Every structure is written in C-alpha cells, then in structure tokens.
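Novice: One structure coming up, written as structure tokens, with questions to follow.
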Amino acid sequence: MSGAARLPVVLLWHMHQPQYCDALTGQYALPWTYLHAIKDYTDMAAHLEGNAAFRAVVNFTPLLIEQIEELARRIAEHLSSGSVLPDPVLGLLGPDPVPRDAPARLELLRACLKAQRKQMIERFGPYLELATIAETLGTPERVGYASDQFIHDLAVWYHLAWLGETVRRTDPLVARLTERGRDFTPGQRRDLLVLIGELVREVVPRYRRLAERGQCELSVTPYAHPIIPLLLDFRAARDAVPAISLPEHAAYAGGAARAAWHLEEALRVFTRAFGVRPAGCWPAEGAISARTLELLAASGFRWAASSTAVLRQSLELIDADAAQDPLAYNRPYRLGGTAMSCFFRDDTLSDLIGFTYATWHGDDAAANLVNQLAQLAREYPGGGNHAVLIALDGENAWEHYPFNGYYFLRALYAQLANHPQLELTTLSDVLSRGIQPAPLARLSAGSWVHGTLATWIGDPGKNRAWDLLCNAKEAYDRVMQDAALDPAQRAAAGRQLALCESSDWFWWFGDYNPADAVSQFDRLYRRQLMTLYRRLNLPPPAELTVPIAAGYGMPEHGGVMRRASA
C-alpha cells in the first residue's frame with residue numbers, strides 16, 4: 001500500500017479539570033490539577049518530544065490552562081517570598097508545621113493516600129509501608145499518634161508516586177529521594193517542591209513548542225467545559241432518551257448568549273497561551289447538537305469531534321440501513337450548510353485504551369490496537385475519505401496502567417509512526433489533504449457517554465443542581481440589568497457564573513457515583529454558587545447549605561471516566 005493510501009489515524013487526548021480553587025478562601029479544595037500536571041500532562045508531552053515522528057491532537061480547556069498558570073505562579077511566589085501555598089497537601093512540602101488540630105491532621109493524612117493502590121502505592125515499598133501505618137492511624141482517635149515526620153514522609157511519597165514516569169526515569173533528585181526512602185529533611189521537601197513548580201510551569205510552554213514544530217495540533221473546549229446542548233435547550237436530552245425527566249425550569253435563561261461567551265473566552269485564553277487560534281474544538285464530553293455545531297461553525301472552527309454513538313443515532317434518524325453500513329463510520333461529516341467538519345471517534349478502540357489495556361503488557365496492548373487499525377485499513381477503500389479518530393481523557397486512564405502507561409504509549413506511538421498501512425496524523429492535516437466530509441441531514445443530540453446527555457441531566461440530583469443554577473442565573477440577570485456593579489465587578493460575576501456552568505458538577509451527582517466524590521463535588525458546586533451570589537452583592541439563599549445528592553456506587557475507575565456504551 002502506498003504512503004498516499006495509508007489510513008489516517010488520529011490520537012486526541014483531552015485534558016481538563018474543573019475549578020478546584022475556592023474563591024472564598026483562595027485555597028484549592030482538591031489537588032488534581034497540579035498532580036495531573038506533574039504526571040500526565042508532563043508524560044504526554046515527553047512521549048511526543050521523544051520522537052519527531054510521533055503526532056497527536058491535544059485538547060485543553062481554557063480553565064485548566066488558567067489553573068496551571070496560577071498554580072505555577074503561586075508555587076514560585078512561595079519559594080521566593082514564603083507566601084501560602086495554594087493547596088494544603090502541597091503545603092506539606094513547605095516549611096510550616098503540620099496542623100495540630102486533629103480533624104485537619106486527619107484530613108491531610110487521608111489525602112496522602114489518594115493514589116491508585118496497585119500501580120502507585122504498592123509499587124513503592126516505603127510508600128506502601130507508610131500507607132499501611134496511615135490506614136491504621138487514620139481515625140480521629142488514633143491520628144494523634146502520627147508524628148509530623150511521619151506525615152511529612154507520607155506527603156513526600158505521595159508526590160513521588162504522582163510524578164510522571166518520564167520524570168522518574170530522568171531526574172536525579174527523584175532518584176535520590178527514592179533511594180533515601182524516609183526521614184526526609186525540610187531541604188529535601190523544598191527541593192521536591194521546586195521540581196513540582198518547574199514541571200507545572202513548563203506544561204503550557206512544552207505543548208506550545210510541540211505545536212510550533214508541527215508534532216502536536218492543539219485544540220480547545222469552551223471555556224469552563226459546559227455541556228453546550230443543555231445550555232441551549234434542556235429538551236436536547238430527549239433526542240436520545242425521550243422519556244428523560246427534566247429540571248423544573250423549562251430552560252436555562254440566556255443559554256445561547258452564555259454558550260457564545262464560553263466560546264469567545266476560550267478563544268481568547270487559548271490564543272494568549274499558545275500564540276495561535278485553534279482550528280478545532282472538542283466540545284465538553286463530545287456533547288453536540290445541531291445548534292451546537294452551528295454555533296461552533298459560526299465561531300470559525302474548522303472541525304469538531306464527538307462519538308460514534310451520536311453518529312449512529314443520527315444516521316438511524318435518516319436511514320436505518322445507512323446506520324448498519326460499516327463504511328459510514330470513521331469519516332468526517334458536515335451538517336447542513338455549516339462549513340465545519342465533524343469527526344466521530346471510534347468508541348470501541350477508544351474504550352480499549354481507557355478501560356481494557358491497563359491490565360495487558362504494554363507491547364501486547366499496542367500491537368492489538370494497531371492490528372485492529374490495520375484491519376480497518378484493509379476494509380476501507382484505498383485513498384478514500386476515511387480517517388480513524390481515537391479520542392479519550394488524556395489524564396485519568398494512566399494511573400491504572402503499570403508505569404503510568406509508559407510502555408504502552410511508547411509502543412503505540414512507535415508502531416503507528418512506522419506502519420505501512422497507517423499514518424499517524426492530526427485532524428487539521430486530514431482535512432488539508434482533501435478528505436471530503438459526507439453530508440449529514442439530521443443530528444441526534446448526545447455525547448461520548450452512551451450517546452446521550454443523561455450523565456448531566458435527568459437524575460433527581462442533577463436536575464436539582466440545574467434548578468439551583470437556573471435560580472442563580474435569574475438573579476445574575478436581574479443584577480446585570482441595573483448599574484449597581486462597576487465593569488470589573490460585572491466581569492468577575494460573569495466569570496464566576498461560567499465556573500458554575502461547568503459540566504463536572506452535574507457529572508458527579510447521581511447515586512451510582514462514590515460517596516466521597518459526590519460529597520466533595522456537591523460542596524464545591526454549592527460554594528461556587530455562593531460565591532456567585534456574593535459577586536452579585538446578594539445573600540446566598542439558604543438552600544445552598546443543603547447537600548444536593550449522595551453517592552452509594554463503586555463505578556469503574558472511581559467514576560472519573562465512563563465507557564461509551566452501558
């Protein structure tokens with residue numbers, strides 16, 4: 001098969017975190033942004049940097065970009081002037097003593113155990129030993145037996161375990177600390193904090209350099225990761241689930257204007273950070289509707305992407321036979337009169353990476369995936385209009401893999417970059433070569449989770465969260481109609497509203513999720529809404545002191561990811 005006829009294969013890694021910073025305290029309530037920065041964002045950049053033939057699309061949410069930049073700045077300020085570190089867990093690497101207050105001490109002890117048991121704790125003998133003791137001492141009655149040195153050592157190992165594999169294999173400080181094992185000094189903790197600060201600071205510049213040399217196409221998600229189809233119309237959820245229950249409010253007031261704000265702000269933040277305007281948009285959770293695609297096209301995007309399940313449902317609306325045709329998949333489409341192409345990821349192949357291959361040997365997993373792609377190359381007409389998109393969360397899968405997915409990713413990139421039937425490329429390059437999108441007359445609203453929007457609406461807790469947001473939006477609109485706030489206050493209120501519109505809050509409501517996560521995100525969401533009312537100079541309603549939902553489930557991977565099919 002000639003090089004020109006090779007089947008294009010695109011890997012799209014989506015990076016995002018909601019706003020964990022509590023505006024009322026200035027502290028980060030959860031550490032996931034900086035931890036994923038030093039582990040996954042760092043490793044994923046390093047894999048591309050390791051070979052000029054490797055290519056990928058990497059998607060950033062602007063809110064994540066801003067958090068990374070803020071965390072890097074605040075770590076640097078602490079190191080230079082001794083200011084308070086932004087996260088209490090990170091603060092255990094600083095010079096301040098461990099809090100004497102038993103509840104605070106217990107919370108920090110438990111926080112330092114939040115790592116994947118097999119791949120991140122049991123891998124390191126000293127961490128496993130400390131974690132085992134911490135589990136025994138992790139009660140209100142026993143936490144007093146945990147010394148400051150014990151908690152500091154536990155915190156050092158927690159951060160060592162969260163470092164990217166590419167850092168672990170190359171950085172001499174990590175080697176020295178790993179060899180020492182225990183009794184870490186304040187100076188050694190500071191050295192580790194310096195390294196963490198450097199890794200966080202370099203995330204955005206590293207991807208910018210990769211994009212500038214053509215190895216990486218960077219794309220964007222609307223600013224705070226909102227589910228745009230639902231901002232535009234709650235009834236979009238009924239395209240895929242006709243009987244789904246909806247919130248008491250008939251609609252999200254002014255949703256179209258808010259969706260446009262998220263897109264405009266996304267373009268502004270992205271262009272400032274990376275120096276170019278993005279050609280592509282991965283809508284939050286691949287959630288699209290006809291109105292969503294029209295809005296993206298009007299914003300100037302050249303491509304968007306979603307899920308095969310959404311395409312299948314859309315084809316079934318037009319022609320049931322067409323939906324059964326294997327040649328209808330793994331190719332771009334164009335809706336109506338829009339000038340933008342929409343790709344639909346291969347759900348099966350994407351889920352293999354997200355959920356199956358973690359238990360395989362890395363080389364075997366990569367070979368299996370490449371073999372399946374090669375079979376597709378043999379089935380599709382040579383030189384045709386097909387291209388396979390594999391798209392998934394670029395941060396949460398790897399902690400379930402040995403060595404943070406190091407061997408799997410290295411083998412996958414290498415095999416794809418050197419395959420005679422497959423061409424590792426990007427979505428903009430696919431379009432530049434002249435692949436013709438097929439027309440799509442109708443689109444069923446949905447996402448990459450089961451092809452529906454039910455992950456974010458329909459459950460009593462989710463609907464209650466929407467109603468609280470609708471109430472806050474109505475209050476926001478009333479205040480914006482008068483001149484009570486100056487321009488800076490109005491802008492701050494609009495940005496705070498955007499944080500409340502993030503999809504992540506609605507994701508976690510639902511009794512099928514784990515109790516701890518539901519409780520944490522429930523509290524964070526209500527704090528974000530309280531902050532919005534305060535930005536509006538209004539007293540927060542009493543209903544925001546009442547928890548919205550409780551979780552009882554034990555979903556796969558702790559619920560941070562979902563399979564495309566139920």
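Each chain in the structure tokens gets a letter, A, B, ..., in the order shown, and its residues are numbered from 1; ligands are numbered from 1 in order too.
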Which residues come within 6 Å of segment 541-554 of chain A, counting only C-alpha atoms, excluding same-chain residues fewer than 5 positions away, as a list in words?
Specialist: Gly461, Phe509, Asp511, Tyr512, Asn513, Pro514, Ala515, Val518 and Arg526 of chain A
Novice: For the structure I just gave you, how does DSSP split segment 395-446 of chain A - specifically, which residues are strand (DSSP E or B)? Reply as a list in words.
Specialist: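 Strand (DSSP E or B) assignments inside segment 395-446 of chain A correspond to Leu422, Glu423, Leu424, Thr425, Ala438, Pro439, Leu440 and Gly446 of chain A.
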Novice: How many Å separate atom CA of Asn404 of chain A from atom CA of Met44 of chain A?
Specialist: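 Taking atom CA of Asn404 of chain A as the start and atom CA of Met44 of chain A as the end point, the length is 10.1 Å.
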Novice: If you measure from atom CA of Thr185 of chain A to atom CA of His152 of chain A, what distance in Å do you get, rounded to one decimal?
Specialist: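 That distance, rounded to one decimal, is 9.0 Å.
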Novice: Excluding same-chain residues fewer than 2 positions from Thr132 of chain A, what lies within 12 Å of it counting only C-alpha atoms, as a compact mmCIF listing (two decimals) with N, CA, C and O atoms, in the first residue's frame?
Specialist:
```
# COMPACT_ATOMS: atom_id res chain seq x y z
N LEU A 109 -3.74 13.41 56.39
CA LEU A 109 -3.27 12.03 56.39
C LEU A 109 -4.02 11.21 55.34
O LEU A 109 -3.41 10.48 54.54
N ARG A 110 -5.33 11.35 55.32
CA ARG A 110 -6.13 10.61 54.35
C ARG A 110 -5.89 11.09 52.92
O ARG A 110 -5.90 10.29 51.98
N CYS A 112 -3.18 12.01 51.62
CA CYS A 112 -1.91 11.46 51.11
C CYS A 112 -2.02 9.98 50.75
O CYS A 112 -1.02 9.36 50.37
N LEU A 113 -3.21 9.42 50.86
CA LEU A 113 -3.44 8.04 50.44
C LEU A 113 -4.24 7.97 49.14
O LEU A 113 -4.56 6.87 48.67
N ARG A 117 -4.05 2.12 44.19
CA ARG A 117 -3.40 1.25 45.16
C ARG A 117 -2.29 0.40 44.53
O ARG A 117 -1.15 0.40 45.00
N ILE A 121 0.85 2.90 44.88
CA ILE A 121 1.24 2.70 46.28
C ILE A 121 2.04 1.42 46.44
O ILE A 121 3.17 1.43 46.94
N GLU A 122 1.48 0.30 45.99
CA GLU A 122 2.17 -0.97 46.18
C GLU A 122 3.46 -1.07 45.37
O GLU A 122 4.34 -1.87 45.69
N GLY A 125 7.89 0.19 47.96
CA GLY A 125 7.88 -0.42 49.28
C GLY A 125 7.75 0.58 50.42
O GLY A 125 6.91 0.39 51.33
N PRO A 126 8.56 1.66 50.45
CA PRO A 126 8.44 2.61 51.57
C PRO A 126 7.07 3.30 51.61
O PRO A 126 6.54 3.53 52.71
N TYR A 127 6.51 3.61 50.45
CA TYR A 127 5.17 4.24 50.43
C TYR A 127 4.12 3.26 50.93
O TYR A 127 3.24 3.62 51.71
N LEU A 128 4.22 2.01 50.51
CA LEU A 128 3.26 1.00 50.97
C LEU A 128 3.34 0.84 52.48
O LEU A 128 2.31 0.74 53.16
N GLU A 129 4.56 0.83 53.02
CA GLU A 129 4.71 0.69 54.47
C GLU A 129 4.07 1.88 55.19
O GLU A 129 3.32 1.70 56.16
N LEU A 130 4.35 3.09 54.72
CA LEU A 130 3.78 4.28 55.34
C LEU A 130 2.26 4.29 55.20
O LEU A 130 1.53 4.66 56.13
N ALA A 134 -0.56 4.46 57.98
CA ALA A 134 -1.51 5.58 57.93
C ALA A 134 -2.95 5.10 57.96
O ALA A 134 -3.82 5.74 58.56
N GLU A 135 -3.21 3.98 57.31
CA GLU A 135 -4.56 3.42 57.33
C GLU A 135 -4.96 3.01 58.74
O GLU A 135 -6.14 3.13 59.12
N THR A 136 -4.00 2.55 59.52
CA THR A 136 -4.28 2.18 60.92
C THR A 136 -4.50 3.43 61.77
O THR A 136 -5.38 3.46 62.64
N LEU A 137 -3.70 4.47 61.50
CA LEU A 137 -3.78 5.69 62.30
C LEU A 137 -4.86 6.65 61.81
O LEU A 137 -5.10 7.67 62.46
N GLY A 138 -5.50 6.32 60.71
CA GLY A 138 -6.43 7.25 60.08
C GLY A 138 -7.80 7.28 60.68
O GLY A 138 -8.81 7.16 59.98
N LEU A 154 5.09 10.74 54.47
CA LEU A 154 3.97 10.25 53.68
C LEU A 154 3.67 11.20 52.52
O LEU A 154 3.41 10.77 51.39
```
